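Worksheet: the structure to be examined is printed underneath.
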Amino acid sequence: MIDACMRIEPSRTISDTRARFAGASLRRCLPSLACLVATALAGCTLGPAYQRPPVPVPQTWRTPAPDAADVANTSWWEAFGDPDLDALIKDAIDANKDLLQAALRVQQFEAVLQISRSAKYPQVDYTTSAAHQRYSTERPVLLPQRVNPIQNAFEVGTRVSWELDVWGRVRSANEAALAEFLASEEAQRGVMLTVVTDVATSYFQLLALDSQLDLAQKTLKSRNKTLELVQTRFSGGSATRLAVAEAQASVYDVSVVIPDIERQIAALENSLSVLVGRNPGPVRRHAIDTLPVVPIPQGVPSDVLTRRPDVREAEQELVSANAKIGVARAEYFPVISLTGLLGLGSNDLGNLLLHSATTGSVGGGLLGTIFSAGRGSGDVLQTEAVQKQMVVKYQQTVQNALKEVEDALDFHARAGEIAARGRLQVDSLRDVVRLAQMRYDGGQSSYLEVLDAERQLFSAEDHQVQRQRDIYLALISVYKAMGGGWMEAQESLRAAKAPSKAATMTPAAAVQAPAETAHGEKKQ
C-alpha cells in the first residue's frame, strides 16, 4: 500500500509526491481519528458527583410574623414613599465603589471561564519562517557538484492541536471555573444587598439624629424661657438664687448635647455620601415621622436559603472545590492529544504558493507521569481537604443565615413592643412635669423637683426617638436577612428590556441571572 502511494511519475516533483502521500495518510487516519474523538467525547469525569450537603432546616421561624406580606422580591424601600431614599439607593447601585469592584471581579471570573472553556476545542496556530543559509564547501562532507552552497527556505502553515478529554480533566476544570464565576455573581449580589441596606440604615439613623437635634433645640428654647421666668421671680423676691442656678444648669445640660448631635449628623452625612459614590457633603432627607412603616417580608426557612447570596455563593464555592478533585485525579492519567500540520514550503519564494509546495502531517501524542515523588497524590489530598472545608463552610453559612433571620424577626417584634411602652413612659413623664410645675408654682416644692422631672422627660423623649428609629432598622434587618430576591426580579426586568449584554457594565447592569448552574452538567 505504501509503495503504491509513493510511485513517482516522471512529470511529478518530489514535493508534489509528499503532498499526495500526506493527503493519503490523512485519509487513512480519519477512521482512527474519529474513534479517538468519540472516545474523548464519551469520557467520564473522575471527580465525585456533586451532592448538596444535608443541613437540617426548620419548617417555621421561632418568632411568628402575623403581619408579614409577600414583598421579599420587591424593591421594598420604595414602599416608604420617600423619593430622597429612592434616589440615594439608585445612586449607590450605580456608583458605589465596592459594587464597581465586585462588578469587575465578575468580569474577571467570566474571562477565566472563557479561557477554561477554550480547552474543549482544537487550538489553531499559524507559523511562518524564512531562512537564508550558506553551506561551507570546505567541510569534511562536501556538497555535491552543481549544488549551490547558498540556499533559501520559506514556509507558511497552520498547526492544529487538540487535547482529547478522555479522563474529564477539561470538563472538571470548566465546571470549577463556571462555579467560581457564579460564586462571583453571588458575591456581587451580596455586596449589593449590603450596600442597599447600609444606605437605608444610615438614612434612618440620620433622620433619627435630626429628630434628636430638633428635640434638643426645642427643649433648650423651653428651658431658656424657664430661666428667664425664674430670674424674673428672683428679681421680685419670689425665687431663690439656688433656683436660678439650677435653671441655668438645666440649660447647660441640653446645650452641650446639641454640638455632639450636630457632629454625628455631619459624620453620618459624609459616610452616606461616600456610600452612594459621592464626595462627602450634605444629604437631602425627609422627617422620620412622615414615613410609613411597611410590612415585613414573609418566607419559610427553605425559601430564604434560595434567596441568600451568601448561601448560594458558599454552595458554588463547594461545587468548584468538588470539581477540582476530578482535575487532580485526572493527573494520574496520560494526556492524549492530536496534532495536525498543513502548510506550504519551498526554497524559492516564487514557488511557495504552488500546489506542489503543499506539506502536511497528522499525529497523536501521549504524555504522562512515571514518577513524581508523591506530588499527584498530594494534589488529590489537597483538593479533597479543600472540598471538606467548603462543606463545613456551606453548613456554617446556612446556620448563620437562619440565625440572622431569627434575630431580625425577634428584633422587629421587640422593637415595636418597646416603642409602644416607651410612648406610655413619655406620656407619664409629661404628666409628672406638669404636676411638678404646679407644685412649684403653688409653693409646695422646690424648683429642683421640676428640673428632675424635666430631665427625665428629655431623656425619655430622646430614647423614644431612638426606639422609633429601631422599628425601621429592625425592618431593614429583616429584609437583609431574608435575602435579595428583589435583585433577581430587577435583573429579569432589565434583561427583558435590554437582552443584549453591554460591553461596559455598571454594578446595576453587571449582575445577570446565570443561564446555567455549575453542577448542571451530567456526570457519568
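Chain lettering (A, B, ...) mirrors the order of the C-alpha cells, residue numbering begins at 1 for each chain separately, and ligand numbering begins at 1 in order of display.
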
Please run DSSP on the backbone and report, as a PyMOL selection string, all residues within range 88-250 of chain A that come out as alpha helix (DSSP H). chain A and resi 88-95+97-117+169-236+241-250

Each residue of range 343-451 of chain A with at least one atom at most 10 Å from range 149-165 of chain A should appear once, together with its nearest atom pair and the corresponding distance in Å (one decimal); atoms considered: only C-alpha atoms; ordering: chain, then increasing residue number; output as a Markdown table.
| residue | atom | partner | partner_atom | distance |
| --- | --- | --- | --- | --- |
| A:Gly343 | CA | A:Gly157 | CA | 3.5 |
| A:Leu344 | CA | A:Val156 | CA | 5.2 |
| A:Gly345 | CA | A:Glu155 | CA | 4.3 |
| A:Ser346 | CA | A:Phe154 | CA | 5.3 |
| A:Asn347 | CA | A:Ala153 | CA | 4.3 |
| A:Asp348 | CA | A:Asn152 | CA | 6.7 |
| A:Leu349 | CA | A:Phe154 | CA | 6.4 |
| A:Gly350 | CA | A:Phe154 | CA | 9.9 |
| A:Asn351 | CA | A:Phe154 | CA | 9.6 |
| A:Leu352 | CA | A:Phe154 | CA | 7.2 |
| A:Leu353 | CA | A:Val156 | CA | 9.5 |
| A:Ala357 | CA | A:Glu155 | CA | 9.2 |
| A:Thr358 | CA | A:Gly157 | CA | 9.3 |
| A:Thr359 | CA | A:Gly157 | CA | 8.5 |
| A:Gly360 | CA | A:Gly157 | CA | 8.7 |
| A:Ser361 | CA | A:Arg159 | CA | 9.4 |
| A:Val362 | CA | A:Val160 | CA | 9.1 |
| A:Gly363 | CA | A:Ser161 | CA | 9.5 |
| A:Gly364 | CA | A:Ser161 | CA | 9.2 |
| A:Gly365 | CA | A:Glu163 | CA | 9.2 |
| A:Leu366 | CA | A:Glu163 | CA | 9.8 |

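Closest approach to Leu182 in chain A among A:Arg134, A:Arg169, A:Arg223, A:Arg105 is made by A:Arg105 (distances from only C-alpha atoms).
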
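One distance worth recording is that between CA of Leu475 in chain A and CA of Ser428 in chain A, which is 27.9 Å.
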
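Residues in contact with range 371-385 of chain A at up to 9 Å, not including ones fewer than 3 positions away on its chain and judged by only C-alpha atoms, are Ala321, Asn322, Lys324, Ile325, Gly326, Val327, Ala328, Arg329, Glu331, Tyr332, Lys388, Gln389 and Met390 of chain A.
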
Within 12 Å of range 109-125 of chain A, counting only C-alpha atoms, which residues qualify if same-chain residues fewer than 3 places away don't, as a VMD selection string? chain A and resid 37 40 to 41 102 to 106 128 156 to 166 168 to 185 187 to 188 320 337 to 343 510 to 512 514 518

Which of range 100-167 of chain A end up as strand (DSSP E) when DSSP is run on this backbone - answer as a PyMOL selection string? chain A and resi 123-134+150-164

For N, CA, C and O atoms, I'd like the residues from the last selection saved as a short mmCIF file (atom, residue, chain, number, x, y, z; two decimals), in the first residue's frame.
data_model
loop_
_atom_site.label_atom_id
_atom_site.label_comp_id
_atom_site.auth_asym_id
_atom_site.auth_seq_id
_atom_site.Cartn_x
_atom_site.Cartn_y
_atom_site.Cartn_z
N GLN A 123 -7.07 23.94 19.15
CA GLN A 123 -6.35 25.20 19.12
C GLN A 123 -5.61 25.29 17.79
O GLN A 123 -4.87 24.38 17.42
N VAL A 124 -5.82 26.37 17.07
CA VAL A 124 -5.24 26.55 15.74
C VAL A 124 -4.23 27.69 15.80
O VAL A 124 -4.55 28.81 16.22
N ASP A 125 -2.99 27.38 15.39
CA ASP A 125 -1.92 28.36 15.35
C ASP A 125 -1.41 28.50 13.91
O ASP A 125 -1.65 27.63 13.07
N TYR A 126 -0.73 29.56 13.67
CA TYR A 126 -0.09 29.72 12.37
C TYR A 126 1.41 29.89 12.56
O TYR A 126 1.87 30.38 13.59
N THR A 127 2.17 29.44 11.55
CA THR A 127 3.62 29.55 11.60
C THR A 127 4.12 30.08 10.26
O THR A 127 3.60 29.71 9.20
N THR A 128 5.11 30.92 10.32
CA THR A 128 5.79 31.41 9.12
C THR A 128 7.28 31.45 9.42
O THR A 128 7.69 31.72 10.56
N SER A 129 8.07 31.17 8.41
CA SER A 129 9.52 31.24 8.60
C SER A 129 10.19 31.52 7.27
O SER A 129 9.68 31.16 6.20
N ALA A 130 11.32 32.15 7.33
CA ALA A 130 12.15 32.42 6.16
C ALA A 130 13.61 32.35 6.59
O ALA A 130 13.98 32.91 7.62
N ALA A 131 14.41 31.59 5.83
CA ALA A 131 15.81 31.41 6.21
C ALA A 131 16.70 31.55 4.98
O ALA A 131 16.32 31.14 3.86
N HIS A 132 17.86 32.12 5.19
CA HIS A 132 18.88 32.27 4.14
C HIS A 132 20.18 31.73 4.73
O HIS A 132 20.66 32.24 5.74
N GLN A 133 20.75 30.67 4.11
CA GLN A 133 21.91 30.00 4.71
C GLN A 133 22.93 29.67 3.62
O GLN A 133 22.59 29.28 2.50
N ARG A 134 24.20 29.82 3.98
CA ARG A 134 25.30 29.43 3.08
C ARG A 134 26.04 28.26 3.70
O ARG A 134 26.49 28.32 4.85
N ILE A 150 24.59 28.35 -1.34
CA ILE A 150 23.68 29.35 -0.73
C ILE A 150 22.25 28.91 -1.02
O ILE A 150 21.87 28.76 -2.19
N GLN A 151 21.48 28.67 0.05
CA GLN A 151 20.11 28.16 -0.10
C GLN A 151 19.14 28.99 0.74
O GLN A 151 19.51 29.50 1.80
N ASN A 152 17.91 29.06 0.26
CA ASN A 152 16.81 29.74 0.96
C ASN A 152 15.76 28.72 1.36
O ASN A 152 15.63 27.65 0.74
N ALA A 153 15.00 29.04 2.39
CA ALA A 153 13.89 28.18 2.83
C ALA A 153 12.74 29.07 3.30
O ALA A 153 12.94 29.94 4.16
N PHE A 154 11.56 28.84 2.72
CA PHE A 154 10.37 29.61 3.08
C PHE A 154 9.25 28.64 3.45
O PHE A 154 9.03 27.66 2.73
N GLU A 155 8.56 28.91 4.56
CA GLU A 155 7.47 28.05 5.00
C GLU A 155 6.33 28.90 5.56
O GLU A 155 6.56 29.89 6.25
N VAL A 156 5.10 28.50 5.25
CA VAL A 156 3.88 29.10 5.81
C VAL A 156 2.93 27.95 6.13
O VAL A 156 2.74 27.06 5.29
N GLY A 157 2.38 27.95 7.33
CA GLY A 157 1.50 26.83 7.67
C GLY A 157 0.62 27.10 8.86
O GLY A 157 0.75 28.13 9.54
N THR A 158 -0.28 26.19 9.09
CA THR A 158 -1.16 26.22 10.26
C THR A 158 -1.00 24.92 11.02
O THR A 158 -0.80 23.85 10.42
N ARG A 159 -1.10 25.02 12.33
CA ARG A 159 -0.96 23.85 13.19
C ARG A 159 -2.19 23.73 14.07
O ARG A 159 -2.66 24.72 14.65
N VAL A 160 -2.75 22.54 14.15
CA VAL A 160 -3.94 22.27 14.95
C VAL A 160 -3.56 21.29 16.04
O VAL A 160 -2.94 20.25 15.76
N SER A 161 -3.90 21.61 17.28
CA SER A 161 -3.67 20.69 18.41
C SER A 161 -4.93 20.61 19.24
O SER A 161 -5.65 21.59 19.41
N TRP A 162 -5.19 19.42 19.74
CA TRP A 162 -6.44 19.19 20.49
C TRP A 162 -6.19 18.13 21.54
O TRP A 162 -5.77 17.01 21.22
N GLU A 163 -6.45 18.49 22.78
CA GLU A 163 -6.35 17.52 23.87
C GLU A 163 -7.66 16.74 23.96
O GLU A 163 -8.73 17.34 24.15
N LEU A 164 -7.60 15.44 23.85
CA LEU A 164 -8.79 14.61 23.97
C LEU A 164 -9.10 14.44 25.46
O LEU A 164 -8.30 13.89 26.21
#

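Residue nearest Leu429 in chain A within the list A:Val311, A:Ala453, A:Ala415, A:Leu291: A:Ala453 [criterion: smallest interatomic distance, only C-alpha atoms].
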
Quick one: residues within 10 Å of Arg308 in chain A, only C-alpha atoms counted, chain neighbours fewer than 2 positions away excluded, as a VMD selection string? chain A and resid 186 189 to 190 193 303 to 306 310 to 313 397 to 398 401 480 to 485

8 Å contact set for Gln59 in chain A, only C-alpha atoms, chain neighbours under 5 positions out, as a PyMOL selection string: chain A and resi 300-302
